[in-house]
There are 2 protein chains.
Amino acid sequence: MSSLNQHRRSFVPELPKSIEDINQLCFVQESAPTFTDSEVKDLISNTADQPLLRVEQSEVAHPNPLKVGVVLSGGQAAGGHNVITGLYDAIKKISEDSQLIGFLNGPSGIVDCDTMLLTGDIVDRYRNSGGFDMIGSGRTKIETAEQFAAAKETATKLGLDGLVIIGGDDSNTNAALLAEYFVKHQVKTSVVGVPKTIDGDLKNEYIETSFGFDTATKTYSEIIGNIERDSLSAGKYYFFIKIMGRSASHVALECALKTHPNFTIISEEVAAKKKTLKQLSNEICDMICERAEKGKNYGVVVIPEGAIEFIPEFKVLISELNDLLSKEEHTDAIASINERTERVKYVAGVLSERSSECYQTLPNDIQLQLILDRDPHGNVQVSKIESERLFIELAKQELKRRKQKGSYSGKFSAQPFFCGYEGRSCLPSNFDAQYCYALGHAAALLIQSRATGYMSCVKNLTAPVSEWEIAGIPISTMMVMEKRKGKLKPVIRKALVELEGKPFAMFTRQRDEWKLSDDYVYPGPIQFFGPEEITNMITITLAEERHHLAQAVS
Amino acid sequence: MSSLNQHRRSFVPELPKSIEDINQLCFVQESAPTFTDSEVKDLISNTADQPLLRVEQSEVAHPNPLKVGVVLSGGQAAGGHNVITGLYDAIKKISEDSQLIGFLNGPSGIVDCDTMLLTGDIVDRYRNSGGFDMIGSGRTKIETAEQFAAAKETATKLGLDGLVIIGGDDSNTNAALLAEYFVKHQVKTSVVGVPKTIDGDLKNEYIETSFGFDTATKTYSEIIGNIERDSLSAGKYYFFIKIMGRSASHVALECALKTHPNFTIISEEVAAKKKTLKQLSNEICDMICERAEKGKNYGVVVIPEGAIEFIPEFKVLISELNDLLSKEEHTDAIASINERTERVKYVAGVLSERSSECYQTLPNDIQLQLILDRDPHGNVQVSKIESERLFIELAKQELKRRKQKGSYSGKFSAQPFFCGYEGRSCLPSNFDAQYCYALGHAAALLIQSRATGYMSCVKNLTAPVSEWEIAGIPISTMMVMEKRKGKLKPVIRKALVELEGKPFAMFTRQRDEWKLSDDYVYPGPIQFFGPEEITNMITITLAEERHHLAQAVS
């Protein structure tokens, strides 16, 4: 174990004053019943319309020990272990005889009843540590009748008072469905969700942020800042940095606000303005040309992982390609052509005019990749396109054209980079360590209060930790029906970057200046010791959004 | 400016006791004349055989102000700005009227006399900051007679007492040649070198380490550790991490010692054991298969940037390809073939048997890249091969074969990663900040003592900063003649990883265990505040090597 890990193990997360004496608290109804979408209600009639919950003093003379299960679901996010240590400490405060059981390797651990008793020794080893390796994670969903029945059997066999599901939008939806199933089948187990995702797209009027977003954006911003400074120092490279976050651009936006790159794509804006791939590439090239005129042949471009999937014409192209490649006449025809360029010509010839144009914008390798490299269902694998490399290729082509026309005379040398996996399992920042520890406490109290189908909530996060408040939010109130792969399903809608929101407004106010001036900011590595304004810094997104709300209320 | 950058600006590097009172010190001869290689001596007869220098008390009643120029040469390394701030503070301590002049954008700034007066205000803005953006850097070498004459003119026009060249082996060689030229042409300017390179390959019996190595390896190890933890948590990816350091594997070795990945290639070992690409790939696959038997379908492989160039058969292949592609009969023949696979077949057919075998081991894309994508001199561009992707492709091929044979039944899903530019311009660690600040002081004192052709040296680096010592090392004693591109040239030989050395021995003692057990260490981000054992940690390489020497001496 590294020295820093050892030191972090003994860090004691501050607890909000409101939950310090957890054994003298319980959740009570705060609001009238909340509204559940009527179609969703048809699916979860027993747990719909539940009220918001707030804490209240309530001395329990002899609290019963709690037996609680916990599972990590989906991709890693810094702080996951602290939800578990918070949960552990909280149920032990409620009763020394409480027990915490970890389900191994994700929700399949519930179905298969694959468990590990989490003793104090084990829990202590993982305090304030990164990763999900304490009990592992996985992406299995509890969906089939058999899986639900197996979950019921596990909960009953273990006699669980509560089951805490730490996960993103899908996993929390799953938690709500499991809560309903348990109520319907008279299983006593309360099911509680915890909002996790580095993508930052699980948030709403109640949930201020998901855990992991703070640490991931700080880690990526350290890297982006380092690269900016390197780019400026050497003066000869353009870095095209793709950044994790497929479905929303919160991570890219937060990192842009932290580091001021020369150009940042925000996917939601691309979709709203119906930009084409060509337009986007041209905008990047305009910036490169303007900078070249100032003698600057370097810079940094930030691209959200899911950017190209937000381009309307690209979506159409992919759907046409999927259609086309599902027909034997076309696949046979393509297979019979030996020459790569001829294959591309064939495909371009059968697509609609607009899609054909978009397809022909793409570099040759990607044209081929799209028709040859398909997933087991025969679908085009958009996620395999390395968009940082795609945009480099497009810029090369366009700059070559401009050079021939005489409108550009700079040098273009580009380096691709991907900010991804290294931001998910890092040591949690103080914010995430403390937020998660509090989330674990809130989850324990929800179980103690016999609430089910709720999400653990810690709010007032822009205030000092001591002033944070906890709440219970019915997951049902966040759910809507959406078509996914052709079938109507209950989902928690992902929060996209709001183009009317304050973080995006802050970005648009400054981005033109960032293009030409090198207004780079170098946040540096996350600090765990030292001045509080450094160690306890919150994200700009959170500060801006909540400041906005506070103003709106006052 | 970020909060952390602001705080770091006011960090005051501790100075070794031995140079605290720089205005009461001077360098004196420590040794008899050192030995200069006779062929090198022919080139630098005026500055050959100089003695080592050590500091001594020597009160100068009215020291003359110094006028000093400074230049940053080559790739960025954390701490460069602190060499300059150290140099500035030191010459100002010697006399308030001293002046520091920065040459802009590398050695071309000397040739073109492109300068900036470095005032206190400017210098203060860059204290303890990363990057080289204070005065920029560049890769121009002072080589031609005209360039030397121009450098002389600049030094004379500005009336420089000293010129400090901050750079790697080539730049320091250049410093020695410039020193000789100045002495020969009666220019008073002392030329002093400072050992910079994140690669860690500029070191010898006198120079314990180059600056930037500490910060770069800490930054990469933060990332590798994060990725290891992610790999372990998800249990489904192999990460193939290429790591900067083309000519030597010190960076990969140090990071391996810090993070314990499952497999690390050390290029020097590959060369010594004459391993083939196939063997290396097989070793990686053996590890993957053994892990798969334990149910582990994840892991981390570290590959030094220059690995494939160290593979003997690959070197031969490249030289044969260069030869082949310089002949029109072959290029014409290749051009006349339309089919890609047929082109490859043609090339494989005309190579020697061994090279043909090696060529056919390569994935198709790289086979083509090698014959099609050549540099302006017509040479094959080995450096463009993304070795992390190459090893993934080779592993895929081999594992597919093993699966068909029934000797492997695991899943192999791999992610490439490159630890590179983000490690060069980061905020310097305390070690690099203080080492560089002391190097700047030593450089000032060498100039004050009228020493020329010397490298600034700070030693005893495993001791607390207060006990560090400074010295002057004649660059000539490090120089030998070597063939570069067919011409015999004076060079400072790059220090490779010593297979008999202690760091490598430490690695070989543990690497077998790291293969199967997940003995990952997560160093986390560089800390600037907090416990000294964290903030002031030195590299394992330095600790091991110097411990070894200390033992040998005692």
# chains A, B, ... in the order shown; residues from 1 in each chain; ligands from 1

call {"tool": "select_by_dssp", "arguments": {"residues": "region 309-520 of chain B", "states": "strand (DSSP E)", "output": "CSV table (one decimal) with C-alpha atoms, in the first residue's frame"}}
result
chain,number,residue,atom,x,y,z
B,414,ALA,CA,-7.8,-4.7,-24.3
B,415,GLN,CA,-7.5,-0.9,-24.0
B,416,PRO,CA,-4.4,1.0,-25.2
B,417,PHE,CA,-3.1,4.0,-23.2
B,418,PHE,CA,-0.2,6.3,-23.7
B,419,CYS,CA,1.5,8.0,-20.7
B,454,TYR,CA,30.8,22.4,-16.8
B,455,MET,CA,27.6,20.8,-15.8
B,456,SER,CA,25.8,22.1,-12.7
B,457,CYS,CA,25.7,19.3,-10.2
B,458,VAL,CA,23.8,18.7,-7.0
B,459,LYS,CA,24.6,15.5,-5.2
B,469,GLU,CA,26.1,19.3,-1.9
B,470,ILE,CA,26.9,21.1,-5.1
B,471,ALA,CA,29.7,20.5,-7.5
B,472,GLY,CA,30.9,21.3,-11.0
B,473,ILE,CA,31.5,18.5,-13.4
B,474,PRO,CA,33.5,19.0,-16.7
B,479,MET,CA,31.8,12.7,-23.7
B,480,VAL,CA,32.7,10.0,-26.2
B,481,MET,CA,32.7,9.7,-30.0
B,482,GLU,CA,29.8,7.8,-31.5
B,483,LYS,CA,28.5,7.1,-34.9
B,484,ARG,CA,25.2,9.0,-35.5
B,487,LYS,CA,29.1,10.2,-38.9
B,488,LEU,CA,31.4,10.1,-35.9
B,489,LYS,CA,30.2,12.8,-33.4
B,490,PRO,CA,31.0,13.7,-29.9
B,491,VAL,CA,28.1,12.7,-27.6
B,492,ILE,CA,27.3,12.2,-24.0

call {"tool": "residues_around", "arguments": {"residues": "Gly138 (chain B)", "least_positions_apart": "2", "cutoff": "8 Å", "atoms": "only C-alpha atoms", "output": "mmCIF file with all heavy atoms, in the first residue's frame"}}
result
data_model
loop_
_atom_site.group_PDB
_atom_site.id
_atom_site.type_symbol
_atom_site.label_atom_id
_atom_site.label_comp_id
_atom_site.auth_asym_id
_atom_site.auth_seq_id
_atom_site.Cartn_x
_atom_site.Cartn_y
_atom_site.Cartn_z
ATOM 1 N N ALA A 234 5.854 23.901 -25.832
ATOM 2 C CA ALA A 234 6.547 23.419 -27.029
ATOM 3 C C ALA A 234 6.097 24.187 -28.264
ATOM 4 O O ALA A 234 6.863 24.365 -29.204
ATOM 5 C CB ALA A 234 6.289 21.928 -27.218
ATOM 6 N N LEU B 72 16.222 27.242 -22.559
ATOM 7 C CA LEU B 72 15.629 25.919 -22.358
ATOM 8 C C LEU B 72 15.704 25.182 -23.686
ATOM 9 O O LEU B 72 15.290 25.711 -24.715
ATOM 10 C CB LEU B 72 14.170 26.050 -21.922
ATOM 11 C CG LEU B 72 13.936 26.623 -20.521
ATOM 12 C CD1 LEU B 72 12.493 27.105 -20.361
ATOM 13 C CD2 LEU B 72 14.253 25.570 -19.460
ATOM 14 N N SER B 73 16.221 23.963 -23.651
ATOM 15 C CA SER B 73 16.459 23.251 -24.898
ATOM 16 C C SER B 73 15.781 21.882 -24.891
ATOM 17 O O SER B 73 15.927 21.113 -23.944
ATOM 18 C CB SER B 73 17.969 23.108 -25.079
ATOM 19 O OG SER B 73 18.268 22.391 -26.238
ATOM 20 N N GLY B 74 15.006 21.603 -25.925
ATOM 21 C CA GLY B 74 14.383 20.278 -26.057
ATOM 22 C C GLY B 74 13.087 20.133 -25.291
ATOM 23 O O GLY B 74 12.445 21.121 -24.942
ATOM 24 N N GLY B 75 12.708 18.888 -25.046
ATOM 25 C CA GLY B 75 11.406 18.569 -24.452
ATOM 26 C C GLY B 75 11.247 19.082 -23.033
ATOM 27 O O GLY B 75 12.210 19.202 -22.295
ATOM 28 N N ASN B 105 12.451 30.533 -27.026
ATOM 29 C CA ASN B 105 12.140 29.374 -27.874
ATOM 30 C C ASN B 105 13.336 28.504 -28.244
ATOM 31 O O ASN B 105 13.481 28.082 -29.397
ATOM 32 C CB ASN B 105 11.388 29.832 -29.124
ATOM 33 C CG ASN B 105 10.120 30.567 -28.754
ATOM 34 O OD1 ASN B 105 9.414 30.151 -27.828
ATOM 35 N ND2 ASN B 105 9.850 31.677 -29.405
ATOM 36 N N GLY B 106 14.198 28.276 -27.272
ATOM 37 C CA GLY B 106 15.298 27.328 -27.470
ATOM 38 C C GLY B 106 16.541 27.970 -28.054
ATOM 39 O O GLY B 106 16.621 29.195 -28.199
ATOM 40 N N PRO B 107 17.534 27.136 -28.385
ATOM 41 C CA PRO B 107 18.833 27.642 -28.841
ATOM 42 C C PRO B 107 18.764 28.569 -30.059
ATOM 43 O O PRO B 107 19.669 29.381 -30.266
ATOM 44 C CB PRO B 107 19.601 26.354 -29.166
ATOM 45 C CG PRO B 107 19.003 25.336 -28.254
ATOM 46 C CD PRO B 107 17.554 25.681 -28.189
ATOM 47 N N SER B 108 17.685 28.504 -30.836
ATOM 48 C CA SER B 108 17.560 29.446 -31.954
ATOM 49 C C SER B 108 17.521 30.870 -31.419
ATOM 50 O O SER B 108 17.915 31.816 -32.111
ATOM 51 C CB SER B 108 16.312 29.139 -32.782
ATOM 52 O OG SER B 108 15.147 29.351 -32.003
ATOM 53 N N GLY B 136 9.839 29.663 -23.336
ATOM 54 C CA GLY B 136 9.688 28.710 -24.438
ATOM 55 C C GLY B 136 10.911 27.812 -24.575
ATOM 56 O O GLY B 136 11.944 28.015 -23.930
ATOM 57 N N THR B 140 16.290 23.385 -31.974
ATOM 58 C CA THR B 140 17.405 23.784 -32.842
ATOM 59 C C THR B 140 18.722 23.419 -32.163
ATOM 60 O O THR B 140 18.865 23.574 -30.952
ATOM 61 C CB THR B 140 17.396 25.316 -33.041
ATOM 62 O OG1 THR B 140 16.106 25.702 -33.492
ATOM 63 C CG2 THR B 140 18.468 25.748 -34.042
#

call {"tool": "interface_residues", "arguments": {"of": "chain B", "to": "chain A", "cutoff": "8 Å", "atoms": "only C-alpha atoms", "output": "PyMOL selection string"}}
result
chain B and resi 1-5+75-76+130-133+136-138+223-224+226-227+229-230+232-235+339+417-418+421-427+521-530+533-534

call {"tool": "write_last_selection", "arguments": {"atoms": "C-alpha atoms", "output": "short mmCIF file (atom, residue, chain, number, x, y, z; two decimals), in the first residue's frame"}}
result
data_model
loop_
_atom_site.label_atom_id
_atom_site.label_comp_id
_atom_site.auth_asym_id
_atom_site.auth_seq_id
_atom_site.Cartn_x
_atom_site.Cartn_y
_atom_site.Cartn_z
CA MET B 1 -4.34 30.88 -12.26
CA SER B 2 -5.57 27.91 -10.24
CA SER B 3 -5.58 28.06 -6.42
CA LEU B 4 -2.92 25.40 -6.27
CA ASN B 5 -0.69 27.31 -8.69
CA GLY B 75 11.41 18.57 -24.45
CA GLN B 76 9.71 19.89 -21.35
CA GLY B 130 5.39 23.59 -14.54
CA GLY B 131 6.11 23.91 -18.23
CA PHE B 132 8.73 25.84 -20.15
CA ASP B 133 6.42 28.67 -21.20
CA GLY B 136 9.69 28.71 -24.44
CA SER B 137 11.87 25.88 -25.66
CA GLY B 138 13.03 24.52 -29.00
CA ILE B 223 -2.29 7.25 -13.73
CA ILE B 224 -1.02 3.67 -13.87
CA ASN B 226 -5.60 4.47 -11.08
CA ILE B 227 -5.83 2.23 -14.14
CA ARG B 229 -7.38 -0.22 -9.59
CA ASP B 230 -9.95 0.22 -12.36
CA LEU B 232 -9.04 -4.89 -10.77
CA SER B 233 -12.44 -3.40 -9.90
CA ALA B 234 -14.11 -4.12 -13.23
CA GLY B 235 -12.23 -7.35 -13.86
CA GLU B 339 -4.22 -5.28 -53.55
CA PHE B 417 -3.12 4.00 -23.22
CA PHE B 418 -0.17 6.34 -23.67
CA TYR B 421 2.89 14.59 -22.77
CA GLU B 422 0.88 14.94 -19.56
CA GLY B 423 3.99 14.10 -17.51
CA ARG B 424 6.37 16.72 -18.88
CA SER B 425 4.93 20.10 -17.94
CA CYS B 426 3.24 19.39 -14.62
CA LEU B 427 3.77 21.28 -11.40
CA VAL B 521 0.19 -0.18 -5.56
CA TYR B 522 -1.76 3.06 -6.04
CA PRO B 523 0.56 5.99 -5.42
CA GLY B 524 -2.14 8.61 -5.98
CA PRO B 525 -1.58 12.21 -7.05
CA ILE B 526 1.54 14.19 -6.11
CA GLN B 527 1.03 15.94 -2.78
CA PHE B 528 2.51 19.33 -2.00
CA PHE B 529 1.25 19.68 1.55
CA GLY B 530 1.14 17.17 4.38
CA GLU B 533 7.34 11.09 3.74
CA ILE B 534 4.72 11.76 1.08
#

call {"tool": "residues_around", "arguments": {"residues": "Ser31 (chain A)", "least_positions_apart": "5", "cutoff": "10 Å", "atoms": "only C-alpha atoms", "output": "PDB file with all heavy atoms, in the first residue's frame"}}
result
ATOM      1  N   GLN A  50     -44.882   8.152  -3.467  1.00  0.00           N
ATOM      2  CA  GLN A  50     -44.398   8.253  -2.085  1.00  0.00           C
ATOM      3  C   GLN A  50     -43.942   9.687  -1.776  1.00  0.00           C
ATOM      4  O   GLN A  50     -43.555  10.426  -2.668  1.00  0.00           O
ATOM      5  CB  GLN A  50     -43.228   7.289  -1.867  1.00  0.00           C
ATOM      6  CG  GLN A  50     -43.594   5.826  -2.109  1.00  0.00           C
ATOM      7  CD  GLN A  50     -42.611   4.870  -1.455  1.00  0.00           C
ATOM      8  OE1 GLN A  50     -42.799   4.477  -0.320  1.00  0.00           O
ATOM      9  NE2 GLN A  50     -41.547   4.523  -2.150  1.00  0.00           N
ATOM     10  N   PRO A  51     -43.968  10.074  -0.532  1.00  0.00           N
ATOM     11  CA  PRO A  51     -43.566  11.453  -0.182  1.00  0.00           C
ATOM     12  C   PRO A  51     -42.050  11.590  -0.072  1.00  0.00           C
ATOM     13  O   PRO A  51     -41.330  10.603   0.045  1.00  0.00           O
ATOM     14  CB  PRO A  51     -44.191  11.637   1.207  1.00  0.00           C
ATOM     15  CG  PRO A  51     -44.172  10.261   1.789  1.00  0.00           C
ATOM     16  CD  PRO A  51     -44.417   9.312   0.643  1.00  0.00           C
ATOM     17  N   LEU A  52     -41.598  12.829  -0.121  1.00  0.00           N
ATOM     18  CA  LEU A  52     -40.195  13.109   0.213  1.00  0.00           C
ATOM     19  C   LEU A  52     -40.032  12.887   1.711  1.00  0.00           C
ATOM     20  O   LEU A  52     -40.981  13.049   2.481  1.00  0.00           O
ATOM     21  CB  LEU A  52     -39.854  14.560  -0.115  1.00  0.00           C
ATOM     22  CG  LEU A  52     -40.043  15.005  -1.571  1.00  0.00           C
ATOM     23  CD1 LEU A  52     -39.799  16.519  -1.690  1.00  0.00           C
ATOM     24  CD2 LEU A  52     -39.087  14.259  -2.493  1.00  0.00           C
ATOM     25  N   LEU A  53     -38.826  12.564   2.111  1.00  0.00           N
ATOM     26  CA  LEU A  53     -38.570  12.322   3.534  1.00  0.00           C
ATOM     27  C   LEU A  53     -37.509  13.288   4.061  1.00  0.00           C
ATOM     28  O   LEU A  53     -36.564  13.631   3.358  1.00  0.00           O
ATOM     29  CB  LEU A  53     -38.083  10.884   3.747  1.00  0.00           C
ATOM     30  CG  LEU A  53     -39.010   9.755   3.290  1.00  0.00           C
ATOM     31  CD1 LEU A  53     -38.381   8.397   3.598  1.00  0.00           C
ATOM     32  CD2 LEU A  53     -40.389   9.869   3.948  1.00  0.00           C
ATOM     33  N   ARG A  54     -37.683  13.700   5.317  1.00  0.00           N
ATOM     34  CA  ARG A  54     -36.647  14.496   5.978  1.00  0.00           C
ATOM     35  C   ARG A  54     -36.366  13.883   7.341  1.00  0.00           C
ATOM     36  O   ARG A  54     -37.167  13.098   7.860  1.00  0.00           O
ATOM     37  CB  ARG A  54     -37.094  15.944   6.110  1.00  0.00           C
ATOM     38  CG  ARG A  54     -38.309  16.134   7.006  1.00  0.00           C
ATOM     39  CD  ARG A  54     -38.637  17.603   7.237  1.00  0.00           C
ATOM     40  NE  ARG A  54     -39.913  17.732   7.919  1.00  0.00           N
ATOM     41  CZ  ARG A  54     -40.091  17.509   9.227  1.00  0.00           C
ATOM     42  NH1 ARG A  54     -39.082  17.178  10.001  1.00  0.00           N
ATOM     43  NH2 ARG A  54     -41.297  17.617   9.776  1.00  0.00           N
TER      44      ARG A  54
END

call {"tool": "residues_around", "arguments": {"residues": "Thr85 (chain A)", "least_positions_apart": "3", "cutoff": "9 Å", "atoms": "only C-alpha atoms", "output": "PyMOL selection string"}}
result
chain A and resi 80-82+88-90+123-124+126-128+436-437+440-441

call {"tool": "write_last_selection", "arguments": {"atoms": "C-alpha atoms", "output": "PDB file, in the first residue's frame"}}
result
ATOM      1  CA  GLY A  80     -17.905   3.866  -3.792  1.00  0.00           C
ATOM      2  CA  HIS A  81     -15.978   2.358  -0.906  1.00  0.00           C
ATOM      3  CA  ASN A  82     -16.933   5.292   1.292  1.00  0.00           C
ATOM      4  CA  TYR A  88     -21.210   0.221   7.898  1.00  0.00           C
ATOM      5  CA  ASP A  89     -20.443   2.865  10.524  1.00  0.00           C
ATOM      6  CA  ALA A  90     -24.045   4.055  10.511  1.00  0.00           C
ATOM      7  CA  VAL A 123     -14.103  -2.178   5.935  1.00  0.00           C
ATOM      8  CA  ASP A 124     -11.178  -0.398   7.608  1.00  0.00           C
ATOM      9  CA  TYR A 126     -10.917   0.389   2.260  1.00  0.00           C
ATOM     10  CA  ARG A 127     -11.656   3.672   4.033  1.00  0.00           C
ATOM     11  CA  ASN A 128     -11.316   6.618   1.641  1.00  0.00           C
ATOM     12  CA  CYS A 436     -20.214   9.263  -0.061  1.00  0.00           C
ATOM     13  CA  TYR A 437     -19.742   8.746   3.647  1.00  0.00           C
ATOM     14  CA  GLY A 440     -23.957   5.772   3.264  1.00  0.00           C
ATOM     15  CA  HIS A 441     -25.362   7.190   6.488  1.00  0.00           C
TER      16      HIS A 441
END

call {"tool": "atom_distance", "arguments": {"atom1": "CA of Glu532 (chain B)", "atom2": "CA of Thr217 (chain B)"}}
result
18.4 Å

call {"tool": "closest_residue", "arguments": {"among": "B:Gly349, B:Gly306, B:Gly378, B:Gly167", "to": "Glu328 (chain B)", "atoms": "only C-alpha atoms"}}
result
B:Gly378

call {"tool": "residues_around", "arguments": {"residues": "Lys157 (chain A)", "least_positions_apart": "5", "cutoff": "10 Å", "atoms": "only C-alpha atoms", "output": "list of chain:residue names"}}
result
A:Cys113, A:Ala151, A:Lys152

call {"tool": "residues_around", "arguments": {"residues": "Ile366 (chain B)", "least_positions_apart": "2", "cutoff": "10 Å", "atoms": "only C-alpha atoms", "output": "ChimeraX atom specification"}}
result
/B:359,362-364,368-373,382,384-386,389-390

call {"tool": "write_last_selection", "arguments": {"atoms": "N, CA, C and O atoms", "output": "JSON list (two decimals), in the first residue's frame"}}
result
[["chain", "number", "residue", "atom", "x", "y", "z"],
["B", 359, "TYR", "N", 8.50, -9.63, -40.24],
["B", 359, "TYR", "CA", 7.52, -8.77, -40.93],
["B", 359, "TYR", "C", 6.15, -9.42, -40.94],
["B", 359, "TYR", "O", 5.13, -8.78, -40.75],
["B", 362, "LEU", "N", 3.80, -9.15, -37.94],
["B", 362, "LEU", "CA", 3.12, -7.88, -37.67],
["B", 362, "LEU", "C", 1.67, -7.89, -38.15],
["B", 362, "LEU", "O", 1.35, -8.55, -39.13],
["B", 363, "PRO", "N", 0.82, -7.14, -37.47],
["B", 363, "PRO", "CA", -0.56, -7.00, -37.96],
["B", 363, "PRO", "C", -0.55, -6.29, -39.32],
["B", 363, "PRO", "O", 0.36, -5.49, -39.60],
["B", 364, "ASN", "N", -1.57, -6.58, -40.11],
["B", 364, "ASN", "CA", -1.66, -6.08, -41.47],
["B", 364, "ASN", "C", -1.50, -4.56, -41.59],
["B", 364, "ASN", "O", -0.77, -4.07, -42.45],
["B", 368, "LEU", "N", 1.55, -2.50, -43.71],
["B", 368, "LEU", "CA", 1.33, -1.50, -44.74],
["B", 368, "LEU", "C", 1.91, -0.15, -44.36],
["B", 368, "LEU", "O", 2.54, 0.53, -45.16],
["B", 369, "GLN", "N", 1.67, 0.21, -43.10],
["B", 369, "GLN", "CA", 2.18, 1.50, -42.60],
["B", 369, "GLN", "C", 3.69, 1.58, -42.82],
["B", 369, "GLN", "O", 4.21, 2.61, -43.23],
["B", 370, "LEU", "N", 4.38, 0.48, -42.56],
["B", 370, "LEU", "CA", 5.84, 0.48, -42.67],
["B", 370, "LEU", "C", 6.31, 0.74, -44.11],
["B", 370, "LEU", "O", 7.34, 1.38, -44.32],
["B", 371, "ILE", "N", 5.55, 0.24, -45.09],
["B", 371, "ILE", "CA", 6.03, 0.45, -46.47],
["B", 371, "ILE", "C", 5.47, 1.73, -47.10],
["B", 371, "ILE", "O", 6.04, 2.26, -48.04],
["B", 372, "LEU", "N", 4.35, 2.23, -46.56],
["B", 372, "LEU", "CA", 3.72, 3.37, -47.23],
["B", 372, "LEU", "C", 4.04, 4.71, -46.60],
["B", 372, "LEU", "O", 4.16, 5.73, -47.28],
["B", 373, "ASP", "N", 4.20, 4.71, -45.27],
["B", 373, "ASP", "CA", 4.27, 5.97, -44.54],
["B", 373, "ASP", "C", 5.72, 6.25, -44.18],
["B", 373, "ASP", "O", 6.22, 5.83, -43.14],
["B", 382, "VAL", "N", 9.54, 4.25, -37.72],
["B", 382, "VAL", "CA", 9.31, 3.33, -36.61],
["B", 382, "VAL", "C", 8.58, 4.02, -35.47],
["B", 382, "VAL", "O", 7.73, 3.44, -34.81],
["B", 384, "LYS", "N", 6.35, 6.03, -35.49],
["B", 384, "LYS", "CA", 4.90, 6.20, -35.66],
["B", 384, "LYS", "C", 4.12, 4.94, -35.30],
["B", 384, "LYS", "O", 2.90, 4.95, -35.24],
["B", 385, "ILE", "N", 4.85, 3.85, -35.11],
["B", 385, "ILE", "CA", 4.15, 2.62, -34.72],
["B", 385, "ILE", "C", 3.69, 2.76, -33.29],
["B", 385, "ILE", "O", 4.47, 3.05, -32.40],
["B", 386, "GLU", "N", 2.40, 2.59, -33.06],
["B", 386, "GLU", "CA", 1.89, 2.70, -31.71],
["B", 386, "GLU", "C", 2.05, 1.33, -31.05],
["B", 386, "GLU", "O", 1.21, 0.46, -31.20],
["B", 389, "ARG", "N", -0.65, -0.55, -29.24],
["B", 389, "ARG", "CA", -1.64, -1.19, -30.10],
["B", 389, "ARG", "C", -1.07, -2.41, -30.82],
["B", 389, "ARG", "O", -1.77, -3.40, -31.04],
["B", 390, "LEU", "N", 0.20, -2.31, -31.16],
["B", 390, "LEU", "CA", 0.86, -3.45, -31.81],
["B", 390, "LEU", "C", 0.81, -4.67, -30.89],
["B", 390, "LEU", "O", 0.44, -5.77, -31.31]]

call {"tool": "residues_around", "arguments": {"residues": "Leu321 (chain B)", "least_positions_apart": "2", "cutoff": "12 Å", "atoms": "only C-alpha atoms", "output": "PyMOL selection string"}}
result
chain B and resi 314-319+323-327+330-331+344+347-352+355-356+358-359+367-372+374+378-382

call {"tool": "select_by_dssp", "arguments": {"residues": "region 368-431 of chain A", "states": "alpha helix (DSSP H)", "output": "ChimeraX atom specification"}}
result
/A:368-372,387-405,430-431

call {"tool": "closest_residue", "arguments": {"among": "B:Ile94, B:Leu499, B:Leu277, B:Ile165", "to": "Ala395 (chain B)", "atoms": "only C-alpha atoms"}}
result
B:Leu277

call {"tool": "atom_distance", "arguments": {"atom1": "CA of Glu143 (chain A)", "atom2": "CA of Leu163 (chain A)"}}
result
16.8 Å

call {"tool": "atom_distance", "arguments": {"atom1": "CA of Asp201 (chain A)", "atom2": "CA of Glu498 (chain A)"}}
result
11.0 Å

call {"tool": "closest_residue", "arguments": {"among": "A:Ile142, A:Ala176, A:Ile538, A:Leu446", "to": "Ile22 (chain A)", "atoms": "only C-alpha atoms"}}
result
A:Leu446
